[in-house]
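First the structure, in the form of structure tokens, and then the observations on it.
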Amino acid sequence: MKYIIAIIQPDRLDEVLMKLEEKEIHLVTVTQVMGHGRQKGIAEVYRSHKEGGSLLRKIKLEIGVNEAFVQPAIDAILGGAQSGNIGDGKIFVLDINQCIRIRTGEKGNDAIG
Amino acid sequence: MKYIIAIIQPDRLDEVLMKLEEKEIHLVTVTQVMGHGRQKGIAEVYRSHKEGGSLLRKIKLEIGVNEAFVQPAIDAILGGAQSGNIGDGKIFVLDINQCIRIRTGEKGNDAIG
Amino acid sequence: MKYIIAIIQPDRLDEVLMKLEEKEIHLVTVTQVMGHGRQKGIAEVYRSHKEGGSLLRKIKLEIGVNEAFVQPAIDAILGGAQSGNIGDGKIFVLDINQCIRIRTGEKGNDAIG
Amino acid sequence: MKQKTLGALLGLGLSLGAWAQSPVPTVDVGAVTPTATAVVEVAAAAAAAPAVTVNTGNTAFMMICAALVLLMTLPGLALFYGGLVRKKNILSVLMHCLAAAAIVSVVWAVYGFSFAFGEGNAFFGNTNHLFLANTDGFNSLFIADANGVPAIVFVMFQMTFAIITPALIAGGFAERMRFPAFCLFTLLWVSLIYCPICHWVWGAKGFLYHGNADAWAKALDFAGGTVVHINAGIAALVCALYLGKRKGFPNRLSPPHNLPFAIIGACLLWIGWFGFNAGSELACDQTAANAMLYTQVAAAVAALVWLVLDGIYHGKATALGAITGAVAGLVAITPACGFVDLKGSLFIGILGAAAAWAFVVYLKPKLKLDDTLDAFGVHGVAGIVGALLTGVFCVATKDGMSHFGQFVEQLKAVAVTIGFSALGTWILLMLVNCITKVRADEREETVGLDVSQHKESAYTVID
Amino acid sequence: MKQKTLGALLGLGLSLGAWAQSPVPTVDVGAVTPTATAVVEVAAAAAAAPAVTVNTGNTAFMMICAALVLLMTLPGLALFYGGLVRKKNILSVLMHCLAAAAIVSVVWAVYGFSFAFGEGNAFFGNTNHLFLANTDGFNSLFIADANGVPAIVFVMFQMTFAIITPALIAGGFAERMRFPAFCLFTLLWVSLIYCPICHWVWGAKGFLYHGNADAWAKALDFAGGTVVHINAGIAALVCALYLGKRKGFPNRLSPPHNLPFAIIGACLLWIGWFGFNAGSELACDQTAANAMLYTQVAAAVAALVWLVLDGIYHGKATALGAITGAVAGLVAITPACGFVDLKGSLFIGILGAAAAWAFVVYLKPKLKLDDTLDAFGVHGVAGIVGALLTGVFCVATKDGMSHFGQFVEQLKAVAVTIGFSALGTWILLMLVNCITKVRADEREETVGLDVSQHKESAYTVID
Amino acid sequence: MKQKTLGALLGLGLSLGAWAQSPVPTVDVGAVTPTATAVVEVAAAAAAAPAVTVNTGNTAFMMICAALVLLMTLPGLALFYGGLVRKKNILSVLMHCLAAAAIVSVVWAVYGFSFAFGEGNAFFGNTNHLFLANTDGFNSLFIADANGVPAIVFVMFQMTFAIITPALIAGGFAERMRFPAFCLFTLLWVSLIYCPICHWVWGAKGFLYHGNADAWAKALDFAGGTVVHINAGIAALVCALYLGKRKGFPNRLSPPHNLPFAIIGACLLWIGWFGFNAGSELACDQTAANAMLYTQVAAAVAALVWLVLDGIYHGKATALGAITGAVAGLVAITPACGFVDLKGSLFIGILGAAAAWAFVVYLKPKLKLDDTLDAFGVHGVAGIVGALLTGVFCVATKDGMSHFGQFVEQLKAVAVTIGFSALGTWILLMLVNCITKVRADEREETVGLDVSQHKESAYTVID
Ligand SMILES: Nc1ncnc2c1ncn2[C@@H]1O[C@H](COP(=O)(O)OP(=O)(O)O)[C@@H](O)[C@H]1O
Ligand SMILES: Nc1ncnc2c1ncn2[C@@H]1O[C@H](COP(=O)(O)OP(=O)(O)O)[C@@H](O)[C@H]1O
Ligand SMILES: Nc1ncnc2c1ncn2[C@@H]1O[C@H](COP(=O)(O)OP(=O)(O)O)[C@@H](O)[C@H]1O
């Protein structure tokens, strides 16, 4: 089982979720995050005080999947989030060594979906 | 050392934290997240605009523990968060290969607790 | 490749980001979290209702790096976040087994930076 | 001879005129009989004058005061309450105020005003003013009349009182009442509880109206301590008991989700209260001016008292304490503001806040009572203290009775109000519950009333 | 003989005086003929009196009303709109209201008032009042005059109307218009669209002013149904069409980011509307009082109608529905509030809200029209309904024409307003677009107008 | 012969009456000597009339204005300041306004008013009005009297000025002052700094009061440029310097946590300012009307100026700039609004905003001054500019002195205010610091003043 973490642009969320649904990936956890990256934001000003604008709003997706779904998930995310512009974000894939469905207590591959 | 990630219903947070305390697990990081899952929310309406209501408020817990505490932690979470209803959430267990306590710089198993 | 998760005090964020920049680590994802820890907050009161104050505002950093950058990243975080007081937080290091840059689709070590 | 009478007549006319600020005609009584007719005509006109003339100053004052009292509910009270609940319930609380305003406004225009202020008898109004019949121009039934304020302004001003009272009750059942039940309850409560009590205390023939010579209790209630605050406070207590505790009470309560909202609301309540208290004089005169100042002083000193008590008891002066204290002071001074002096307003503010603090902060936790937003703790307790102290600190008692005598009159009015409001509210709740479930079920409560009752969320999480 | 006439003269003077609240002089008629002269002088003085005296009551009322109408825009409308957009665009919406207030205030003082209310002819004002020339003291050109209200107060009161109208339009182009274009558009629109229409409908010689004997259409518009609401609603519709849909419309819309803000805004609009409607009487009298009450009733019943329709159609009564309904009712009653009775206000509130609901909730999605905040759906639709129904429910038609005749007059005024506003707005948009791009480009829209237009974010994420 | 005098007498009585809107008595002078007595009585009564009658229009106006000025502090200023600080400090800022209102209200009623407005001498008031003694009915000491406004209304109106002034200072020490110290400081400051300056500038015998024939400086200050804004601005500067910089200043500052709050606050300040400026006429007349319009125009043009300067300097017009500019304009026009004309109000608005902008945006960063919310930059700078320009643009100078002469008078008053306020504030801070620590320690500042000073958090993170 793999734990997929993806950071994407906020306005791509709906698109990505749609694409994931198409691949039968229904279970996703979404978090609002701030990204510090290559992409430079518009500097903000408040009277005399200037803000670097180095932290930009991003969306983080977390998806626990079985091996079979790793590639489909990645494709779905690329499909929905890729604009070719700086700031599109990243996908990280980590290993899961246990997964439990709280509702039922099921374990492992059956629990993840 | 293991990194436990649990997604639970918001109204179960206090219960889970209490149960964790009982198991001597005091260190937890809590994040507000939105869950896209099997559980369907109540569709919302704003004048003519309908919202799917497919994203529901959830709470994410992150707990770094030594092997000995993995099962107790899982039990505590199940004990506090299980209602038997769709939407109860998931627990994921990942491997940690290093842990450092910022305050002291301690490393490994002594640092985690 | 490693996935570094650090929980720090909110007022240390700028410092840590600066230190990371010095080490040429530009890509960071920042999340607002609540910490349940050894550090006890100031109990709050609302008329007759008392709040434990057991959840404190913290900042979570996530940094995906190549092996070579793991130690520099840790040093930067320690350098920026260490005050010696309870509540300074933790650093966790996890394994990444795949990383993709959404913008280009690049994979692995080239993608992470 | 003639000349003497003339001097008198002039003096009289003068003072009369000054008092009512209406033009004072005088006639040549030196020129005898021939003009007799003319004299009569004119004299008649003169007598009528006060009644037929709009006093623009008083009328402007009353219209603005009505707007200020509505501001107390929309958005004052809505925010004061809304900021104190959980994120998932704020819209339901705001809706309590919005729906109350909408429902009561229509009810008041259609029959509420007639039931409350129709002359009727000691207990009920009548149907003379259904659909605001007989409220054109001036109507000597309503005191405002004598001040050159059109009856319709009186209707509007009183409407805003009828709106805020049921809205106040929401503090008792917030976070757990179903919306349909709320609407029905509000409709019935304002018709069957508020209108009668309003008639008793302020109706020309009401049996608690000090202006009514043969009232059973000549209670002083300048701006609605009994009618509005005790009444709403008691009803809130009954609702809290009838509905039972919220899920997770008292161990898993959340703190206020947005204290700044609560503070904005409290500030607007404070400002609007000037319209509530000073406006209750129904004219813009010395008494109204005093009422405004005493209202301000009582609110201020009450806020200080709460801050000090919080400081002693909790170790810190809290912002929520400051606004709660201010509101308690405003509630306490409401029945008194037109009858007391500076000293009285200071004492009433201090004692009202102290009593409310003792109940809300000290006693309530022991009682395990889930009065969500302390509608009873603040409006009920401070309201009762204020109503009783009005008898103690009033500068002039009714018909010069002893202050103790006045205190007893106050006590009688308070007792009647408490009894009727408590009993009536309980009965209405049971009635409503037969028609539509009053209490939200566990799931509705867990997901929050905003989504479960209104299919809306107040805020977006991801933007 | 003489005595008789004299008696009459006194009676007259008396009533006159009473009506204008000016002192009533009386003369020694015992001493016959010789004083004839004196009599005349005095009578003259008496007649002149109203014009030269400030009526403090009316003036106080009008000044507070002006403040209330400004409150409708700052922060009422700003919040009502701002709460409904996305987090990343709220500042841009608030800026629409702030900038409109700043720009229009200056324009109005410099030439706007003169263009709108200068006597001029049937179509345009004149330049007699540039920089507020000839507005000291009293000016019989402006009705306020007769009520003892200084002309400058009339200028101020009307200024607040000129401010809110362009601000209302923002509802149509919110979340996608560039700020420089907005400023230029507002400047031109208030000068070339608002001022003329204002002159037609309220100018002494305007061809749509019922007070003008030789008007082409004697339309009744008490407080600005055509001038403000239909005008702004149509302009908003045109802007929405000209600018096109927002990115992601209609599939990827976000819900309101802060409904409580929208509700606070609606409440302040409601309160301020009393100044808007009652103040339009330009005096504090019976009519103003009626206007206030009818405004309240129409808003309340309209809110209920929307709640019921939402309940039937969506299954739940929504908070956004409650405030949208209330605003629709306020819009609908605006042209009517001084001409109808309770019955009329109830019907107009009901029908105005029902029509707006049908368009906004039912029809709009089918039209795929991106009127961001339903400025047309609420102000345009309810405005038109209200303007037409004023002809149906007015208690007294103009010159006692038939209600059908009055309805036709209303229709003519509405048609002219719609035509001119639509055409003029479209032309101005094209004009502005030649000077500076009107529509934000995709990137500006994606990152949000707050950052892209103002280099600011409304809220901090990490604190 | 007699008849002639009679005519004159009538004419006089008439105009007099008209002016004071009080009933005009007339007597039969045709019937000669015998009634002499009667005549005298009545005449006396007539003369007294204006003084003993409440002018309902003026009184209503003043009471509403007092409410508007309180609205400026609660919640206007509270939100304007609160929205600009960090999430963890907003409650502490709101508390500055709430506590100031509570403390000052009591102080004012008990002795503040007496110290400020008791006749006393050129420098101090007296104790004649402790506990508001001798403020019943009318008191010729206070100009309001002549306008038929009860003295108690004047007390209330002035109380709201005494409340907002210390609240304004909070802008200078926000985010780092301990609450107990704040309370003590406010108590002392209002008693020992505000009251005296208020007496100097507005007290009948004040040595800076233009109405005082033997004043040392006949400075024109219509609504409190020196007393309120310069005074508070300077005190804020001194506090900022005394307390030192906040932790992390200037490199690790956070942006405003909730700009919409700041904008709501600014809008309410704007609206309330009408009460502040127009109300300072103490009557509802032509001057008050002018003051209102000029206030509006100055605020509007000032907002535009700031937007343009931001546009040039930062590349974009900012929302924070719009409201900061508006407030600067309002501050600048405050001393002038009753003395200038349209031209003057435009220039004062422009120059006031330009000066404040230059200091806040351009100069301040170079000075490394941590005036948290620019209380000095806005109120101090614009206040000084406005006070001085009042001498330049006033339509009529005092005693027809040259405009340069008037300018010098203004300068003298400004200098005295600055000197006294600066010195006094510094001394009080040192004094307070001996009793209780003024500056929050590092930990209190880091966790935030809300939790460390009040044991509360403004918002919930997890719901
Ligand atoms: N190595 C990384 N570790 C943590 N977060 C990252 C990393 N790389 C990218 N991100 C997240 O993705 C966002 C987009 O990064 P950016 O560098 O703009 O994308 P790109 O890879 O297209 O240049 C960043 O703001 C950051 O939040
Ligand atoms: N595989 C997963 N990956 C990421 N998040 C998940 C996953 N499974 C469940 N979740 C989170 O848990 C929440 C509950 O999921 P749901 O399917 O409703 O629970 P259940 O497993 O009881 O059916 C989801 O909203 C989502 O946030
Ligand atoms: N083992 C852990 N798992 C998850 N979060 C942790 C863990 N240890 C520390 N944290 C986070 O770091 C924060 C600081 O923890 P605390 O115990 O106060 O630090 P210290 O290690 O200095 O005692 C906690 O509030 C929590 O959010």
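If you're wondering about the labels, chains in the structure tokens are A, B, ... by order shown, residues count from 1 in each chain, ligands from 1 in order shown.
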Kindly work out which residues sit at most 8 Å from ligand 1, using only C-alpha atoms and all ligand atoms, and give the list as an mmCIF file with N, CA and C atoms, in the first residue's frame.
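So part18.cif came out as:
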data_model
loop_
_atom_site.group_PDB
_atom_site.id
_atom_site.type_symbol
_atom_site.label_atom_id
_atom_site.label_comp_id
_atom_site.auth_asym_id
_atom_site.auth_seq_id
_atom_site.Cartn_x
_atom_site.Cartn_y
_atom_site.Cartn_z
ATOM 1 N N ILE A 7 0.812 18.122 -3.753
ATOM 2 C CA ILE A 7 0.545 19.538 -3.525
ATOM 3 C C ILE A 7 0.169 20.140 -4.867
ATOM 4 N N ILE A 8 -1.001 20.774 -4.922
ATOM 5 C CA ILE A 8 -1.471 21.318 -6.202
ATOM 6 C C ILE A 8 -1.967 22.758 -6.036
ATOM 7 N N GLN A 9 -2.283 23.395 -7.162
ATOM 8 C CA GLN A 9 -2.842 24.737 -7.144
ATOM 9 C C GLN A 9 -4.299 24.659 -6.685
ATOM 10 N N VAL A 33 -2.923 24.310 2.585
ATOM 11 C CA VAL A 33 -1.551 24.558 3.027
ATOM 12 C C VAL A 33 -1.005 25.811 2.350
ATOM 13 N N MET A 34 0.161 26.233 2.818
ATOM 14 C CA MET A 34 0.845 27.342 2.163
ATOM 15 C C MET A 34 2.129 26.788 1.567
ATOM 16 N N GLY A 35 2.396 27.188 0.345
ATOM 17 C CA GLY A 35 3.583 26.663 -0.300
ATOM 18 C C GLY A 35 4.675 27.702 -0.422
ATOM 19 N N HIS A 36 5.900 27.250 -0.079
ATOM 20 C CA HIS A 36 7.079 28.099 -0.239
ATOM 21 C C HIS A 36 7.865 27.478 -1.384
ATOM 22 N N GLY A 37 7.896 28.141 -2.512
ATOM 23 C CA GLY A 37 8.504 27.438 -3.637
ATOM 24 C C GLY A 37 9.187 28.348 -4.623
ATOM 25 N N ARG A 38 9.396 27.775 -5.801
ATOM 26 C CA ARG A 38 10.094 28.486 -6.849
ATOM 27 C C ARG A 38 9.213 29.623 -7.359
ATOM 28 N N GLN A 39 7.906 29.326 -7.379
ATOM 29 C CA GLN A 39 6.972 30.325 -7.867
ATOM 30 C C GLN A 39 6.962 31.523 -6.919
ATOM 31 N N LYS A 40 7.148 32.696 -7.477
ATOM 32 C CA LYS A 40 7.119 33.889 -6.624
ATOM 33 C C LYS A 40 5.756 34.542 -6.707
ATOM 34 N N LEU A 55 4.863 32.941 0.521
ATOM 35 C CA LEU A 55 4.001 31.808 0.853
ATOM 36 C C LEU A 55 2.710 31.927 0.058
ATOM 37 N N LEU A 56 2.440 30.896 -0.737
ATOM 38 C CA LEU A 56 1.252 30.942 -1.586
ATOM 39 C C LEU A 56 0.272 29.855 -1.185
ATOM 40 N N ARG A 57 -1.024 30.127 -1.368
ATOM 41 C CA ARG A 57 -2.043 29.136 -1.043
ATOM 42 C C ARG A 57 -1.917 27.929 -1.964
ATOM 43 N N LYS A 58 -1.888 26.762 -1.375
ATOM 44 C CA LYS A 58 -1.844 25.505 -2.134
ATOM 45 C C LYS A 58 -2.820 24.542 -1.496
ATOM 46 N N GLY A 84 1.634 23.328 -16.644
ATOM 47 C CA GLY A 84 2.907 23.655 -17.264
ATOM 48 C C GLY A 84 3.546 24.896 -16.674
ATOM 49 N N ASN A 85 2.864 25.513 -15.740
ATOM 50 C CA ASN A 85 3.444 26.714 -15.126
ATOM 51 C C ASN A 85 4.131 26.400 -13.813
ATOM 52 N N ILE A 86 5.110 27.201 -13.490
ATOM 53 C CA ILE A 86 5.734 27.105 -12.173
ATOM 54 C C ILE A 86 4.632 27.198 -11.131
ATOM 55 N N GLY A 87 4.725 26.360 -10.108
ATOM 56 C CA GLY A 87 3.716 26.385 -9.065
ATOM 57 C C GLY A 87 2.749 25.230 -9.149
ATOM 58 N N ASP A 88 2.878 24.424 -10.174
ATOM 59 C CA ASP A 88 1.964 23.283 -10.328
ATOM 60 C C ASP A 88 2.067 22.311 -9.164
ATOM 61 N N GLY A 89 3.293 22.182 -8.596
ATOM 62 C CA GLY A 89 3.421 21.353 -7.410
ATOM 63 C C GLY A 89 4.087 20.009 -7.618
ATOM 64 N N LYS A 90 3.891 19.150 -6.635
ATOM 65 C CA LYS A 90 4.628 17.887 -6.572
ATOM 66 C C LYS A 90 3.730 16.745 -6.158
ATOM 67 N N TYR C 3 11.378 12.407 3.284
ATOM 68 C CA TYR C 3 10.293 13.347 3.548
ATOM 69 C C TYR C 3 10.431 13.821 4.985
ATOM 70 N N HIS C 26 14.638 25.419 -1.000
ATOM 71 C CA HIS C 26 13.646 26.447 -1.318
ATOM 72 C C HIS C 26 12.218 25.952 -1.252
ATOM 73 N N LEU C 27 12.053 24.620 -1.331
ATOM 74 C CA LEU C 27 10.704 24.105 -1.488
ATOM 75 C C LEU C 27 10.182 23.523 -0.184
ATOM 76 N N VAL C 28 9.166 24.158 0.360
ATOM 77 C CA VAL C 28 8.618 23.746 1.650
ATOM 78 C C VAL C 28 7.102 23.903 1.613
ATOM 79 N N THR C 29 6.420 22.990 2.271
ATOM 80 C CA THR C 29 4.973 23.137 2.412
ATOM 81 C C THR C 29 4.665 23.359 3.882
ATOM 82 N N VAL C 30 3.854 24.401 4.141
ATOM 83 C CA VAL C 30 3.593 24.837 5.510
ATOM 84 C C VAL C 30 2.119 24.636 5.844
ATOM 85 N N GLU C 62 6.699 20.514 5.794
ATOM 86 C CA GLU C 62 6.975 19.275 5.078
ATOM 87 C C GLU C 62 7.974 19.593 3.977
ATOM 88 N N ILE C 63 9.041 18.828 3.945
ATOM 89 C CA ILE C 63 10.107 19.081 2.981
ATOM 90 C C ILE C 63 10.564 17.766 2.379
ATOM 91 N N GLY C 64 10.445 17.669 1.069
ATOM 92 C CA GLY C 64 10.964 16.493 0.376
ATOM 93 C C GLY C 64 12.366 16.803 -0.133
ATOM 94 N N VAL C 65 13.338 16.007 0.250
ATOM 95 C CA VAL C 65 14.726 16.302 -0.138
ATOM 96 C C VAL C 65 15.487 15.033 -0.549
ATOM 97 N N ARG C 101 7.382 15.843 -10.373
ATOM 98 C CA ARG C 101 7.105 17.266 -10.515
ATOM 99 C C ARG C 101 5.915 17.409 -11.456
ATOM 100 N N ILE C 102 4.851 17.920 -10.944
ATOM 101 C CA ILE C 102 3.612 17.966 -11.731
ATOM 102 C C ILE C 102 3.802 18.778 -13.016
ATOM 103 N N ARG C 103 4.476 19.886 -12.909
ATOM 104 C CA ARG C 103 4.641 20.785 -14.055
ATOM 105 C C ARG C 103 5.229 20.060 -15.260
ATOM 106 N N THR C 104 6.263 19.224 -15.007
ATOM 107 C CA THR C 104 7.006 18.610 -16.118
ATOM 108 C C THR C 104 6.827 17.103 -16.194
ATOM 109 N N ALA C 111 13.337 15.644 -9.720
ATOM 110 C CA ALA C 111 12.032 16.292 -9.550
ATOM 111 C C ALA C 111 11.911 16.977 -8.196
ATOM 112 N N ILE C 112 12.620 16.469 -7.242
ATOM 113 C CA ILE C 112 12.341 16.884 -5.862
ATOM 114 C C ILE C 112 12.744 18.332 -5.586
ATOM 115 N N GLY C 113 13.828 18.761 -6.201
ATOM 116 C CA GLY C 113 14.354 20.084 -5.854
ATOM 117 C C GLY C 113 13.578 21.236 -6.460
#
TODO: Dump as a ChimeraX atom specification the residues of chain C that approach chain E to within 8 Å, counting only C-alpha atoms.
DONE: /C:10,31-32
Let's have the selection written as an mmCIF file, in the first residue's frame, with C-alpha atoms.
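Everything below was put into result-v4.cif:
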data_model
loop_
_atom_site.group_PDB
_atom_site.id
_atom_site.type_symbol
_atom_site.label_atom_id
_atom_site.label_comp_id
_atom_site.auth_asym_id
_atom_site.auth_seq_id
_atom_site.Cartn_x
_atom_site.Cartn_y
_atom_site.Cartn_z
ATOM 1 C CA PRO C 10 4.531 29.542 14.986
ATOM 2 C CA THR C 31 0.455 23.855 7.436
ATOM 3 C CA GLN C 32 -1.244 25.356 10.456
#
Restricting to only C-alpha atoms, whichever of F:Asp341, F:Asp285, F:Asp136, F:Asp145 is closest to chain D is F:Asp136
Report as a PyMOL selection string all protein, DNA and RNA residues lying within 10 Å of Ala396 of chain D, evaluated on only C-alpha atoms, omitting residues in the same chain fewer than 5 positions from it. chain D and resi 339-340+391+401-403+406
Pull N, CA and C atoms from the residues just selected and write them as a PDB file, in the first residue's frame.
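Listing of out-v7.pdb after writing:
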ATOM      1  N   PHE D 339     -36.772  56.697  35.949  1.00  0.00           N
ATOM      2  CA  PHE D 339     -37.297  56.992  37.284  1.00  0.00           C
ATOM      3  C   PHE D 339     -36.221  57.283  38.320  1.00  0.00           C
ATOM      4  N   VAL D 340     -34.956  56.945  38.002  1.00  0.00           N
ATOM      5  CA  VAL D 340     -33.912  57.075  39.016  1.00  0.00           C
ATOM      6  C   VAL D 340     -32.990  58.260  38.740  1.00  0.00           C
ATOM      7  N   GLY D 391     -37.918  49.928  42.338  1.00  0.00           N
ATOM      8  CA  GLY D 391     -38.775  50.342  43.446  1.00  0.00           C
ATOM      9  C   GLY D 391     -37.983  50.974  44.565  1.00  0.00           C
ATOM     10  N   MET D 401     -46.316  56.612  47.304  1.00  0.00           N
ATOM     11  CA  MET D 401     -46.306  55.526  48.294  1.00  0.00           C
ATOM     12  C   MET D 401     -44.886  55.368  48.831  1.00  0.00           C
ATOM     13  N   SER D 402     -44.717  54.587  49.893  1.00  0.00           N
ATOM     14  CA  SER D 402     -43.374  54.404  50.463  1.00  0.00           C
ATOM     15  C   SER D 402     -42.525  53.609  49.485  1.00  0.00           C
ATOM     16  N   HIS D 403     -41.202  53.735  49.572  1.00  0.00           N
ATOM     17  CA  HIS D 403     -40.349  52.954  48.693  1.00  0.00           C
ATOM     18  C   HIS D 403     -40.570  51.471  48.926  1.00  0.00           C
ATOM     19  N   GLN D 406     -43.599  50.605  47.012  1.00  0.00           N
ATOM     20  CA  GLN D 406     -43.295  50.523  45.589  1.00  0.00           C
ATOM     21  C   GLN D 406     -42.584  49.211  45.282  1.00  0.00           C
TER      22      GLN D 406
END
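With only C-alpha atoms as the atoms that count, the minimum distance from chain F to the choices E:Asp310, E:Glu442, E:Glu456, E:Asp214 is reached by E:Glu456.
Counting only C-alpha atoms and comparing F:Val107, F:Ala215, F:Ala266, F:Ala458, the residue that lies closest to chain D is F:Ala458.
The smallest atom-to-atom distance between ligand 3 and any of C:Ile96, C:Val16, C:Ile59, C:Val70, using only C-alpha atoms and all ligand atoms, is found for C:Ile59.
Copy-to-copy comparison places chain B at a Cα RMSD of 0.0 Å from chain A, following a least-squares fit over all residues.
Excluding Ala101 of chain F itself and same-chain residues fewer than 5 positions from it, the residues having an atom within 10 Å of it are Gln296, Val297, Ala299, Ala300, Val301, Ala303 and Leu304 of chain D; Leu70, Thr73, Leu74, Met95, His96, Val106, Val107, Met159, Thr160, Ala162, Ile163, Ile164, Pro166 and Ala167 of chain F, counting only C-alpha atoms.
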Using C-alpha atoms, can you write the selected residues to a file as a short mmCIF file (atom, residue, chain, number, x, y, z; two decimals), in the first residue's frame?
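Okay, result-v7.cif is ready:
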data_model
loop_
_atom_site.label_atom_id
_atom_site.label_comp_id
_atom_site.auth_asym_id
_atom_site.auth_seq_id
_atom_site.Cartn_x
_atom_site.Cartn_y
_atom_site.Cartn_z
CA GLN D 296 -24.66 54.66 29.58
CA VAL D 297 -23.45 54.90 33.16
CA ALA D 299 -23.70 49.76 31.29
CA ALA D 300 -20.23 51.12 31.95
CA VAL D 301 -20.13 50.44 35.67
CA ALA D 303 -18.88 46.13 32.65
CA LEU D 304 -16.28 47.23 35.21
CA LEU F 70 -20.14 56.30 20.77
CA THR F 73 -15.57 53.74 19.45
CA LEU F 74 -17.92 50.78 19.89
CA MET F 95 -10.67 45.48 25.09
CA HIS F 96 -8.81 48.77 24.84
CA VAL F 106 -17.87 56.53 35.07
CA VAL F 107 -15.02 59.01 35.46
CA MET F 159 -18.65 62.01 27.36
CA THR F 160 -18.43 60.23 24.03
CA ALA F 162 -13.73 61.71 26.29
CA ILE F 163 -14.20 58.01 25.54
CA ILE F 164 -12.80 57.89 22.03
CA PRO F 166 -7.85 57.45 25.05
CA ALA F 167 -9.13 54.64 22.82
#
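For the set B:Ala43, B:Asn97, B:Met18, B:Lys2, the residue with the smallest atom-to-atom gap to ligand 3 is B:Lys2, counting only C-alpha atoms and all ligand atoms.
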